[in-house]
Amino acid sequence: NSHISDAKINELCDLVIEHSKNHHKDSAGFIAKIEKFRKRFGKKRIRDIRKSHIVRFLSEIAQSVDTPTVGRYQSAFSKMFAIGILHDLLTINPCTGLPKPKENPARDRRLSPEETHAFIEAALRDENPVHALALLLSLFTGLRQGNIRSFELSWFNADYSELLIPTSKSGKPIHHYLNKTSQEIVQLMLPYSDGRFLAPS
């Protein structure tokens, strides 16, 4: 079939996007991933795309997004080739057998002394004192901003040296001992509390 041999990725992408609009409830995210593939490989012949192209492309994507998102790119590309097979544009899905992306080891999030000073100065320039202090608390505890915004006074022990966050992003509670600086920041935040939240928005 001469069409199989010469069809371009562009044709496959058109077909797959049409399919997605007709069959997917949320097609926008899927289509964006297909368009990213088209941007890179659109002019190539489908049969010239090898597993190695996809592996390389996914590892580039992994530089800017988290692992679960890389996984979604991978399954979108695989779905694209599967649809191509249904339409006789290719016979083998080059994504078959690709390992699921590995969870990246957590990046070491330590600031240099200069960065720490710059961060503190920038935070203190914030016109909203609650926000400024919440940023500092985030810096000195290493906890996420989202965690800090949700702190309830009842999560602290009597002298604000310990904190028990009942649930976190991982679903597990976090027990956190506050260092002296963090305790001082909490004391500075208390006057702004609404009686329930430490940092009411």
# chains A, B, ... in the order shown; residues from 1 in each chain; ligands from 1
>>> select_by_dssp(residues="region 25-184 of chain A", states="alpha helix (DSSP H)", output="count of residues only")
81
>>> select_by_dssp(residues="region 148-181 of chain A", states="strand (DSSP E or B)", output="PyMOL selection string")
chain A and resi 152+156+162-165+174-177
>>> residues_around(residues="Ser138 (chain A)", least_positions_apart="5", cutoff="12 Å", atoms="only C-alpha atoms", output="PyMOL selection string")
chain A and resi 116+119-120+123+131-133+143-149+151+178+181-182+185-186
>>> closest_residue(among="A:Ala76, A:Leu98, A:Leu188, A:Leu111", to="Ser27 (chain A)", atoms="only C-alpha atoms")
A:Ala76
>>> closest_residue(among="A:Pro200, A:Pro113, A:Pro166, A:Pro99", to="Val130 (chain A)", atoms="only C-alpha atoms")
A:Pro200
>>> closest_residue(among="A:Arg125, A:Arg56, A:His19, A:Arg38", to="Gly84 (chain A)", atoms="only C-alpha atoms")
A:His19
>>> closest_residue(among="A:Ile54, A:Ala134, A:Leu89, A:Ile174", to="Phe41 (chain A)", atoms="only C-alpha atoms")
A:Ile54
